[in-house]
>>> print(open('target26.txt').read())   # compact mmCIF, C-alpha atoms
# COMPACT_ATOMS: atom_id res chain seq x y z
CA GLY A 1 -5.46 3.00 -30.48
CA ASP A 2 -3.23 1.30 -27.97
CA SER A 3 -4.16 -2.25 -26.95
CA VAL A 4 -3.09 -5.26 -24.91
CA THR A 5 -3.70 -8.93 -25.71
CA GLN A 6 -2.99 -11.61 -23.13
CA THR A 7 -3.63 -15.34 -22.67
CA GLU A 8 -7.38 -15.43 -22.23
CA GLY A 9 -9.59 -17.46 -19.97
CA GLN A 10 -8.30 -19.95 -17.42
CA VAL A 11 -4.96 -21.65 -16.89
CA ALA A 12 -4.81 -24.70 -14.63
CA LEU A 13 -1.49 -25.95 -13.28
CA SER A 14 -0.22 -28.19 -10.51
CA GLU A 15 2.06 -26.92 -7.74
CA GLU A 16 5.71 -26.58 -8.85
CA ASP A 17 4.72 -26.30 -12.53
CA PHE A 18 6.25 -23.59 -14.71
CA LEU A 19 3.95 -20.71 -15.58
CA THR A 20 3.83 -18.56 -18.70
CA ILE A 21 1.07 -16.05 -19.38
CA HIS A 22 1.53 -14.34 -22.72
CA CYS A 23 1.10 -10.59 -23.14
CA ASN A 24 1.53 -8.64 -26.37
CA TYR A 25 0.89 -4.97 -26.84
CA SER A 26 0.29 -2.47 -29.61
CA ALA A 27 1.43 1.10 -28.98
CA SER A 28 3.85 3.67 -30.31
CA GLY A 29 7.00 4.62 -28.50
CA TYR A 30 7.85 3.08 -25.14
CA PRO A 31 4.75 2.68 -22.99
CA THR A 32 5.13 1.56 -19.40
CA LEU A 33 4.04 -2.07 -19.10
CA PHE A 34 2.46 -3.48 -15.95
CA TRP A 35 1.40 -6.78 -14.43
CA TYR A 36 -1.37 -6.61 -11.83
CA VAL A 37 -2.72 -9.47 -9.70
CA GLN A 38 -6.21 -9.73 -8.24
CA TYR A 39 -7.06 -12.11 -5.40
CA PRO A 40 -10.69 -13.09 -4.70
CA GLY A 41 -12.69 -10.34 -3.03
CA GLU A 42 -9.98 -7.72 -3.54
CA GLY A 43 -9.09 -5.08 -6.11
CA PRO A 44 -6.09 -5.60 -8.41
CA GLN A 45 -2.67 -4.72 -7.03
CA LEU A 46 0.56 -4.00 -8.85
CA LEU A 47 2.91 -6.95 -9.22
CA PHE A 48 5.63 -5.00 -11.07
CA ARG A 49 6.26 -2.72 -14.07
CA ALA A 50 8.89 -1.92 -16.69
CA SER A 51 9.38 1.08 -18.96
CA ARG A 52 12.48 0.41 -21.11
CA ASP A 53 13.39 -2.15 -23.73
CA LYS A 54 15.05 -5.25 -22.16
CA GLU A 55 14.13 -4.08 -18.63
CA LYS A 56 13.10 -6.96 -16.37
CA GLY A 57 10.41 -6.52 -13.77
CA SER A 58 10.08 -9.01 -10.94
CA SER A 59 8.29 -9.65 -7.67
CA ARG A 60 7.38 -12.68 -5.51
CA GLY A 61 9.15 -15.04 -7.94
CA PHE A 62 7.28 -13.70 -10.98
CA GLU A 63 9.17 -11.94 -13.75
CA ALA A 64 8.71 -10.43 -17.19
CA THR A 65 11.06 -8.75 -19.66
CA TYR A 66 10.09 -5.77 -21.79
CA ASP A 67 10.72 -6.73 -25.43
CA LYS A 68 10.20 -3.89 -27.90
CA GLY A 69 11.12 -6.10 -30.87
CA THR A 70 8.32 -8.62 -30.28
CA THR A 71 6.10 -6.11 -28.41
CA SER A 72 5.75 -8.56 -25.56
CA PHE A 73 5.87 -8.67 -21.75
CA HIS A 74 5.22 -12.34 -20.91
CA LEU A 75 4.73 -13.27 -17.26
CA ARG A 76 6.73 -16.26 -15.99
CA LYS A 77 7.27 -18.11 -12.76
CA ALA A 78 9.45 -21.17 -12.39
CA SER A 79 7.43 -22.98 -9.71
CA VAL A 80 3.88 -21.95 -8.89
CA GLN A 81 2.17 -22.45 -5.54
CA GLU A 82 -1.48 -22.84 -4.64
CA SER A 83 -1.38 -19.34 -3.15
CA ASP A 84 -0.62 -17.94 -6.63
CA SER A 85 -4.18 -18.73 -7.72
CA ALA A 86 -5.58 -15.38 -8.83
CA VAL A 87 -6.46 -13.29 -11.89
CA TYR A 88 -3.48 -11.68 -13.64
CA TYR A 89 -3.79 -8.56 -15.80
CA CYS A 90 -1.27 -7.20 -18.26
CA ALA A 91 -1.58 -3.44 -18.84
CA LEU A 92 0.08 -0.45 -20.47
CA ASP A 93 -0.20 3.27 -19.98
CA ASP A 94 -1.81 5.19 -22.81
CA THR A 95 0.79 7.76 -23.76
CA ASN A 96 -1.88 10.12 -25.09
CA ALA A 97 -3.99 10.21 -21.95
CA TYR A 98 -3.78 9.73 -18.23
CA LYS A 99 -5.12 6.22 -18.30
CA VAL A 100 -4.06 2.59 -18.30
CA ILE A 101 -5.31 -0.03 -20.75
CA PHE A 102 -5.85 -3.48 -19.25
CA GLY A 103 -5.93 -6.86 -20.94
CA LYS A 104 -8.91 -9.13 -20.32
CA GLY A 105 -7.24 -11.04 -17.53
CA THR A 106 -6.04 -14.62 -17.08
CA HIS A 107 -7.45 -16.72 -14.26
CA LEU A 108 -4.73 -18.97 -12.83
CA HIS A 109 -5.79 -22.04 -10.85
CA VAL A 110 -3.01 -23.91 -9.08
CA LEU A 111 -4.01 -27.36 -7.84
CA PRO A 112 -2.32 -28.81 -4.74
CA GLY B 1 0.14 4.01 3.53
CA GLY B 2 -3.21 4.98 2.14
CA ILE B 3 -6.51 3.30 1.52
CA ILE B 4 -9.40 3.45 -0.91
CA THR B 5 -12.88 3.02 0.51
CA GLN B 6 -15.86 2.13 -1.66
CA THR B 7 -19.45 2.28 -0.47
CA PRO B 8 -21.63 0.36 -0.47
CA LYS B 9 -19.95 -3.02 -0.71
CA PHE B 10 -23.12 -4.58 -2.14
CA LEU B 11 -25.80 -2.66 -4.03
CA ILE B 12 -29.13 -4.12 -5.10
CA GLY B 13 -31.44 -2.04 -7.26
CA GLN B 14 -34.52 -2.22 -9.41
CA GLU B 15 -34.67 -1.86 -13.17
CA GLY B 16 -34.73 1.81 -14.21
CA GLN B 17 -33.48 3.02 -10.85
CA LYS B 18 -30.72 5.61 -10.49
CA LEU B 19 -27.95 4.25 -8.29
CA THR B 20 -24.88 5.99 -6.87
CA LEU B 21 -21.56 4.44 -5.90
CA LYS B 22 -19.02 6.36 -3.82
CA CYS B 23 -15.24 6.22 -3.57
CA GLN B 24 -12.86 7.94 -1.11
CA GLN B 25 -9.04 7.90 -1.12
CA ASN B 26 -6.54 9.27 1.38
CA PHE B 27 -3.40 8.90 -0.76
CA ASN B 28 -3.72 12.56 -1.83
CA HIS B 29 -3.64 11.31 -5.44
CA ASP B 30 -4.61 13.62 -8.28
CA THR B 31 -6.14 11.03 -10.60
CA MET B 32 -9.10 8.75 -9.91
CA TYR B 33 -10.81 6.09 -12.01
CA TRP B 34 -13.98 4.01 -12.22
CA TYR B 35 -13.86 0.57 -13.86
CA ARG B 36 -16.48 -2.04 -14.52
CA GLN B 37 -15.43 -5.68 -14.14
CA ASP B 38 -17.44 -8.44 -15.83
CA SER B 39 -16.39 -12.05 -15.89
CA GLY B 40 -14.26 -12.73 -18.95
CA LYS B 41 -14.14 -9.08 -20.01
CA GLY B 42 -11.47 -7.72 -17.74
CA LEU B 43 -11.46 -4.13 -16.55
CA ARG B 44 -13.27 -1.56 -18.67
CA LEU B 45 -12.80 2.13 -17.96
CA ILE B 46 -16.00 4.08 -17.37
CA TYR B 47 -14.79 7.53 -16.26
CA TYR B 48 -11.61 9.06 -14.95
CA SER B 49 -10.64 12.38 -13.45
CA ILE B 50 -7.13 13.77 -13.82
CA THR B 51 -7.59 16.37 -11.11
CA GLU B 52 -10.31 17.96 -9.02
CA ASN B 53 -13.12 19.37 -11.25
CA ASP B 54 -11.98 17.33 -14.24
CA LEU B 55 -13.97 14.52 -15.88
CA GLN B 56 -12.95 12.31 -18.81
CA LYS B 57 -15.06 9.63 -20.48
CA GLY B 58 -13.68 6.14 -20.80
CA ASP B 59 -14.71 3.41 -23.21
CA LEU B 60 -17.90 2.50 -21.34
CA SER B 61 -19.35 5.86 -20.23
CA GLU B 62 -22.79 5.50 -21.81
CA GLY B 63 -25.39 4.94 -19.10
CA TYR B 64 -23.19 6.44 -16.39
CA ASP B 65 -22.45 9.85 -14.89
CA ALA B 66 -19.55 10.75 -12.63
CA SER B 67 -18.73 13.53 -10.21
CA ARG B 68 -15.40 14.54 -8.64
CA GLU B 69 -16.67 16.45 -5.64
CA LYS B 70 -13.22 17.07 -4.19
CA LYS B 71 -9.73 15.69 -4.55
CA SER B 72 -10.36 12.76 -2.26
CA SER B 73 -13.75 11.61 -3.57
CA PHE B 74 -15.17 10.37 -6.86
CA SER B 75 -18.76 9.20 -7.34
CA LEU B 76 -20.34 7.13 -10.09
CA THR B 77 -24.04 7.13 -10.95
CA VAL B 78 -25.79 4.42 -12.92
CA THR B 79 -28.44 6.57 -14.60
CA SER B 80 -30.95 3.77 -15.31
CA ALA B 81 -30.09 0.31 -14.03
CA GLN B 82 -30.63 -2.54 -16.48
CA LYS B 83 -32.42 -5.72 -15.41
CA ASN B 84 -30.13 -8.73 -14.91
CA GLU B 85 -27.12 -6.43 -14.77
CA MET B 86 -24.50 -7.82 -12.49
CA ALA B 87 -20.95 -6.52 -12.25
CA VAL B 88 -18.27 -5.33 -9.88
CA PHE B 89 -17.37 -1.65 -10.00
CA LEU B 90 -13.80 -0.82 -9.01
CA CYS B 91 -12.47 2.57 -8.04
CA ALA B 92 -8.77 3.37 -8.31
CA SER B 93 -6.42 6.29 -7.80
CA SER B 94 -2.89 7.18 -8.84
CA MET B 95 -0.36 9.96 -8.90
CA ARG B 96 -0.35 11.96 -12.09
CA GLY B 97 1.96 10.97 -14.92
CA ARG B 98 3.44 7.91 -16.55
CA PHE B 99 4.82 4.93 -14.62
CA ALA B 100 2.23 5.61 -11.94
CA GLU B 101 0.83 2.64 -10.08
CA GLN B 102 -2.93 2.48 -9.67
CA PHE B 103 -4.28 1.60 -6.22
CA PHE B 104 -7.66 -0.11 -6.21
CA GLY B 105 -10.52 -0.31 -3.77
CA PRO B 106 -12.24 -3.62 -2.93
CA GLY B 107 -15.17 -2.97 -5.27
CA THR B 108 -18.95 -2.55 -5.17
CA ARG B 109 -20.96 -5.52 -6.40
CA LEU B 110 -24.11 -4.44 -8.23
CA THR B 111 -27.17 -6.63 -8.76
CA VAL B 112 -30.25 -5.39 -10.61
CA LEU B 113 -33.50 -7.25 -10.07
>>> encode(input="target26.txt", output="structure tokens")
Amino acid sequence: GDSVTQTEGQVALSEEDFLTIHCNYSASGYPTLFWYVQYPGEGPQLLFRASRDKEKGSSRGFEATYDKGTTSFHLRKASVQESDSAVYYCALDDTNAYKVIFGKGTHLHVLP
Amino acid sequence: GGIITQTPKFLIGQEGQKLTLKCQQNFNHDTMYWYRQDSGKGLRLIYYSITENDLQKGDLSEGYDASREKKSSFSLTVTSAQKNEMAVFLCASSMRGRFAEQFFGPGTRLTVL
């Protein structure tokens, strides 16, 4: 079945560091790919999405490019801030059902 | 804009007890979901409902029942709570179809003594 694999566990950076969280997927066709962010005490919220090869999604300085060739949708930000500390989830929609498959999440800690 | 309300916010139960979690949404969305969130394991789908009167099992449905009473509400029952179980249960809703964004509630934190 469809699946998503992302950088697991915790990532610790200092403010103004460059961020990359890797996300690779396995699915047929062109699934919609998502990045969600979850702040402490809240439910996840959509950061952005993309549905076509080479399409770039972006929001709040974060971006990712849909790459069908490498089946990837890596999250990047040029200069992180302490307020970016959160859990980030990569996800895709299951084309055979009305559901979304989430990766295991990456906990980003940004130190001041 | 809309909102998803989950009750209760905190739920403490005893081993073997049947426990019910409730979710309400006012987005007028067709599809609703229940996820379980454990540290290090991400979001695991328990049940979802494509439309009113529909129920679909997710990857983690064993030990749970669900009920879509009406379009705006979706309940989850833990049929027999397990001792030392601790997790956050998240409810979400979305429009039907691909590309659809899921909107999440704040979660219910379950502790079983």
>>> residues_near_point(input="target26.txt", point="(-12.8, 3.0, -8.2)", cutoff="7 Å", atoms="only C-alpha atoms", output="JSON, numbers by chain")
{"B": [23, 33, 34, 35, 89, 90, 91, 92, 104, 105]}
>>> write_last_selection(input="target26.txt", atoms="C-alpha atoms", output="PDB file, keeping the file's coordinate frame")
ATOM      1  CA  CYS B  23     -15.240   6.220  -3.570  1.00  0.00           C
ATOM      2  CA  TYR B  33     -10.810   6.090 -12.010  1.00  0.00           C
ATOM      3  CA  TRP B  34     -13.980   4.010 -12.220  1.00  0.00           C
ATOM      4  CA  TYR B  35     -13.860   0.570 -13.860  1.00  0.00           C
ATOM      5  CA  PHE B  89     -17.370  -1.650 -10.000  1.00  0.00           C
ATOM      6  CA  LEU B  90     -13.800  -0.820  -9.010  1.00  0.00           C
ATOM      7  CA  CYS B  91     -12.470   2.570  -8.040  1.00  0.00           C
ATOM      8  CA  ALA B  92      -8.770   3.370  -8.310  1.00  0.00           C
ATOM      9  CA  PHE B 104      -7.660  -0.110  -6.210  1.00  0.00           C
ATOM     10  CA  GLY B 105     -10.520  -0.310  -3.770  1.00  0.00           C
TER      11      GLY B 105
END
>>> axis_aligned_box(input="target26.txt", around="stretch 67-82 of chain A", padding_each_side="5 Å", output="JSON")
{"center_x": 4.8, "center_y": -13.4, "center_z": -17.8, "size_x": 22.6, "size_y": 29.1, "size_z": 36.2}
>>> interface_residues(input="target26.txt", of="chain B", to="chain A", cutoff="8 Å", atoms="all atoms listed in the file", output="ChimeraX atom specification")
/B:40-44,48,50,90,96-99,101-107
>>> residues_around(input="target26.txt", residues="A:Glu16", least_positions_apart="2", cutoff="10 Å", atoms="all atoms listed in the file", output="list of chain:residue names")
A:Leu13, A:Ser14, A:Phe18, A:Leu19, A:Lys77, A:Ala78, A:Ser79, A:Val80, A:Gln81, A:Glu82, A:Val110, A:Leu111, A:Pro112
>>> atom_distance(input="target26.txt", atom1="atom CA of A:Asp84", atom2="atom CA of B:Asp38")
21.4 Å
>>> atom_distance(input="target26.txt", atom1="atom CA of A:Asp67", atom2="atom CA of A:Gly1")
19.5 Å
>>> residues_around(input="target26.txt", residues="B:Lys57", least_positions_apart="5", cutoff="9 Å", atoms="only C-alpha atoms", output="list in words")
Leu45, Ile46, Tyr47, Tyr48, Ser49 and Glu62 of chain B
>>> write_last_selection(input="target26.txt", atoms="C-alpha atoms", output="compact mmCIF listing (two decimals), keeping the file's coordinate frame")
# COMPACT_ATOMS: atom_id res chain seq x y z
CA LEU B 45 -12.80 2.13 -17.96
CA ILE B 46 -16.00 4.08 -17.37
CA TYR B 47 -14.79 7.53 -16.26
CA TYR B 48 -11.61 9.06 -14.95
CA SER B 49 -10.64 12.38 -13.45
CA GLU B 62 -22.79 5.50 -21.81
>>> atom_distance(input="target26.txt", atom1="atom CA of A:Arg60", atom2="atom CA of B:Gln24")
29.2 Å
>>> residues_around(input="target26.txt", residues="A:Arg76", least_positions_apart="3", cutoff="10 Å", atoms="all atoms listed in the file", output="ChimeraX atom specification")
/A:18-22,58,61-65,73,79-80
>>> closest_residue(input="target26.txt", among="B:Glu15, B:Glu52, B:Asp59, B:Glu69", to="B:Glu85", atoms="all atoms listed in the file")
B:Glu15
>>> residues_around(input="target26.txt", residues="A:Lys68", least_positions_apart="3", cutoff="8 Å", atoms="only C-alpha atoms", output="mmCIF file with C-alpha atoms, keeping the file's coordinate frame")
data_model
loop_
_atom_site.group_PDB
_atom_site.id
_atom_site.type_symbol
_atom_site.label_atom_id
_atom_site.label_comp_id
_atom_site.auth_asym_id
_atom_site.auth_seq_id
_atom_site.Cartn_x
_atom_site.Cartn_y
_atom_site.Cartn_z
ATOM 1 C CA TYR A 30 7.850 3.080 -25.140
ATOM 2 C CA ASP A 53 13.390 -2.150 -23.730
ATOM 3 C CA LYS A 54 15.050 -5.250 -22.160
ATOM 4 C CA THR A 71 6.100 -6.110 -28.410
ATOM 5 C CA SER A 72 5.750 -8.560 -25.560
#
>>> closest_residue(input="target26.txt", among="B:Leu110, B:Ala100, B:Leu60, B:Met95", to="B:Leu11", atoms="only C-alpha atoms")
B:Leu110
>>> closest_residue(input="target26.txt", among="B:Gln37, B:Ser67, B:Thr7, B:Thr51", to="B:Met86", atoms="only C-alpha atoms")
B:Gln37
>>> build_atoms(input="target26.txt", residues="stretch 51-76 of chain B", atoms="N, CA, C and O atoms", output="PDB file, keeping the file's coordinate frame")
ATOM      1  N   THR B  51      -7.747  15.523 -12.285  1.00  0.00           N
ATOM      2  CA  THR B  51      -7.590  16.370 -11.110  1.00  0.00           C
ATOM      3  C   THR B  51      -8.968  16.818 -10.673  1.00  0.00           C
ATOM      4  O   THR B  51      -9.968  16.578 -11.365  1.00  0.00           O
ATOM      5  N   GLU B  52      -9.032  17.478  -9.527  1.00  0.00           N
ATOM      6  CA  GLU B  52     -10.310  17.960  -9.020  1.00  0.00           C
ATOM      7  C   GLU B  52     -10.989  18.818 -10.100  1.00  0.00           C
ATOM      8  O   GLU B  52     -10.351  19.597 -10.796  1.00  0.00           O
ATOM      9  N   ASN B  53     -12.300  18.632 -10.269  1.00  0.00           N
ATOM     10  CA  ASN B  53     -13.120  19.370 -11.250  1.00  0.00           C
ATOM     11  C   ASN B  53     -12.902  18.936 -12.689  1.00  0.00           C
ATOM     12  O   ASN B  53     -13.384  19.589 -13.611  1.00  0.00           O
ATOM     13  N   ASP B  54     -12.160  17.870 -12.900  1.00  0.00           N
ATOM     14  CA  ASP B  54     -11.980  17.330 -14.240  1.00  0.00           C
ATOM     15  C   ASP B  54     -12.750  16.023 -14.385  1.00  0.00           C
ATOM     16  O   ASP B  54     -12.828  15.236 -13.456  1.00  0.00           O
ATOM     17  N   LEU B  55     -13.315  15.785 -15.578  1.00  0.00           N
ATOM     18  CA  LEU B  55     -13.970  14.520 -15.880  1.00  0.00           C
ATOM     19  C   LEU B  55     -13.635  14.113 -17.303  1.00  0.00           C
ATOM     20  O   LEU B  55     -13.729  14.942 -18.211  1.00  0.00           O
ATOM     21  N   GLN B  56     -13.266  12.833 -17.482  1.00  0.00           N
ATOM     22  CA  GLN B  56     -12.950  12.310 -18.810  1.00  0.00           C
ATOM     23  C   GLN B  56     -13.732  11.012 -19.012  1.00  0.00           C
ATOM     24  O   GLN B  56     -13.760  10.169 -18.118  1.00  0.00           O
ATOM     25  N   LYS B  57     -14.323  10.863 -20.198  1.00  0.00           N
ATOM     26  CA  LYS B  57     -15.060   9.630 -20.480  1.00  0.00           C
ATOM     27  C   LYS B  57     -14.096   8.516 -20.874  1.00  0.00           C
ATOM     28  O   LYS B  57     -13.119   8.741 -21.596  1.00  0.00           O
ATOM     29  N   GLY B  58     -14.413   7.322 -20.388  1.00  0.00           N
ATOM     30  CA  GLY B  58     -13.680   6.140 -20.800  1.00  0.00           C
ATOM     31  C   GLY B  58     -14.422   5.433 -21.918  1.00  0.00           C
ATOM     32  O   GLY B  58     -15.273   6.020 -22.595  1.00  0.00           O
ATOM     33  N   ASP B  59     -14.127   4.167 -22.109  1.00  0.00           N
ATOM     34  CA  ASP B  59     -14.710   3.410 -23.210  1.00  0.00           C
ATOM     35  C   ASP B  59     -16.156   2.991 -22.963  1.00  0.00           C
ATOM     36  O   ASP B  59     -16.874   2.610 -23.891  1.00  0.00           O
ATOM     37  N   LEU B  60     -16.594   3.062 -21.690  1.00  0.00           N
ATOM     38  CA  LEU B  60     -17.900   2.500 -21.340  1.00  0.00           C
ATOM     39  C   LEU B  60     -18.769   3.525 -20.623  1.00  0.00           C
ATOM     40  O   LEU B  60     -19.534   3.190 -19.740  1.00  0.00           O
ATOM     41  N   SER B  61     -18.693   4.809 -21.006  1.00  0.00           N
ATOM     42  CA  SER B  61     -19.350   5.860 -20.230  1.00  0.00           C
ATOM     43  C   SER B  61     -20.863   5.942 -20.458  1.00  0.00           C
ATOM     44  O   SER B  61     -21.581   6.520 -19.626  1.00  0.00           O
ATOM     45  N   GLU B  62     -21.354   5.389 -21.550  1.00  0.00           N
ATOM     46  CA  GLU B  62     -22.790   5.500 -21.810  1.00  0.00           C
ATOM     47  C   GLU B  62     -23.594   4.787 -20.735  1.00  0.00           C
ATOM     48  O   GLU B  62     -23.356   3.627 -20.424  1.00  0.00           O
ATOM     49  N   GLY B  63     -24.581   5.511 -20.170  1.00  0.00           N
ATOM     50  CA  GLY B  63     -25.390   4.940 -19.100  1.00  0.00           C
ATOM     51  C   GLY B  63     -24.891   5.286 -17.713  1.00  0.00           C
ATOM     52  O   GLY B  63     -25.466   4.854 -16.717  1.00  0.00           O
ATOM     53  N   TYR B  64     -23.793   6.051 -17.674  1.00  0.00           N
ATOM     54  CA  TYR B  64     -23.190   6.440 -16.390  1.00  0.00           C
ATOM     55  C   TYR B  64     -22.902   7.943 -16.355  1.00  0.00           C
ATOM     56  O   TYR B  64     -22.660   8.562 -17.378  1.00  0.00           O
ATOM     57  N   ASP B  65     -22.948   8.507 -15.157  1.00  0.00           N
ATOM     58  CA  ASP B  65     -22.450   9.850 -14.890  1.00  0.00           C
ATOM     59  C   ASP B  65     -21.427   9.758 -13.775  1.00  0.00           C
ATOM     60  O   ASP B  65     -21.455   8.813 -12.976  1.00  0.00           O
ATOM     61  N   ALA B  66     -20.544  10.744 -13.695  1.00  0.00           N
ATOM     62  CA  ALA B  66     -19.550  10.750 -12.630  1.00  0.00           C
ATOM     63  C   ALA B  66     -19.422  12.160 -12.075  1.00  0.00           C
ATOM     64  O   ALA B  66     -19.771  13.149 -12.736  1.00  0.00           O
ATOM     65  N   SER B  67     -18.903  12.231 -10.858  1.00  0.00           N
ATOM     66  CA  SER B  67     -18.730  13.530 -10.210  1.00  0.00           C
ATOM     67  C   SER B  67     -17.505  13.475  -9.320  1.00  0.00           C
ATOM     68  O   SER B  67     -17.376  12.590  -8.477  1.00  0.00           O
ATOM     69  N   ARG B  68     -16.592  14.446  -9.514  1.00  0.00           N
ATOM     70  CA  ARG B  68     -15.400  14.540  -8.640  1.00  0.00           C
ATOM     71  C   ARG B  68     -15.662  15.716  -7.708  1.00  0.00           C
ATOM     72  O   ARG B  68     -15.343  16.865  -7.989  1.00  0.00           O
ATOM     73  N   GLU B  69     -16.214  15.401  -6.558  1.00  0.00           N
ATOM     74  CA  GLU B  69     -16.670  16.450  -5.640  1.00  0.00           C
ATOM     75  C   GLU B  69     -15.485  17.198  -5.032  1.00  0.00           C
ATOM     76  O   GLU B  69     -15.541  18.406  -4.807  1.00  0.00           O
ATOM     77  N   LYS B  70     -14.438  16.477  -4.723  1.00  0.00           N
ATOM     78  CA  LYS B  70     -13.220  17.070  -4.190  1.00  0.00           C
ATOM     79  C   LYS B  70     -12.079  16.114  -4.492  1.00  0.00           C
ATOM     80  O   LYS B  70     -12.306  15.033  -5.033  1.00  0.00           O
ATOM     81  N   LYS B  71     -10.888  16.485  -4.159  1.00  0.00           N
ATOM     82  CA  LYS B  71      -9.730  15.690  -4.550  1.00  0.00           C
ATOM     83  C   LYS B  71      -9.817  14.269  -4.050  1.00  0.00           C
ATOM     84  O   LYS B  71      -9.400  13.327  -4.715  1.00  0.00           O
ATOM     85  N   SER B  72     -10.365  14.076  -2.869  1.00  0.00           N
ATOM     86  CA  SER B  72     -10.360  12.760  -2.260  1.00  0.00           C
ATOM     87  C   SER B  72     -11.557  11.892  -2.623  1.00  0.00           C
ATOM     88  O   SER B  72     -11.578  10.713  -2.256  1.00  0.00           O
ATOM     89  N   SER B  73     -12.543  12.408  -3.330  1.00  0.00           N
ATOM     90  CA  SER B  73     -13.750  11.610  -3.570  1.00  0.00           C
ATOM     91  C   SER B  73     -14.205  11.673  -5.018  1.00  0.00           C
ATOM     92  O   SER B  73     -14.072  12.695  -5.700  1.00  0.00           O
ATOM     93  N   PHE B  74     -14.760  10.540  -5.470  1.00  0.00           N
ATOM     94  CA  PHE B  74     -15.170  10.370  -6.860  1.00  0.00           C
ATOM     95  C   PHE B  74     -16.390   9.470  -6.852  1.00  0.00           C
ATOM     96  O   PHE B  74     -16.317   8.340  -6.371  1.00  0.00           O
ATOM     97  N   SER B  75     -17.519   9.958  -7.359  1.00  0.00           N
ATOM     98  CA  SER B  75     -18.760   9.200  -7.340  1.00  0.00           C
ATOM     99  C   SER B  75     -19.151   8.763  -8.745  1.00  0.00           C
ATOM    100  O   SER B  75     -18.839   9.445  -9.730  1.00  0.00           O
ATOM    101  N   LEU B  76     -19.843   7.648  -8.814  1.00  0.00           N
ATOM    102  CA  LEU B  76     -20.340   7.130 -10.090  1.00  0.00           C
ATOM    103  C   LEU B  76     -21.831   6.885  -9.957  1.00  0.00           C
ATOM    104  O   LEU B  76     -22.277   6.281  -8.974  1.00  0.00           O
TER     105      LEU B  76
END
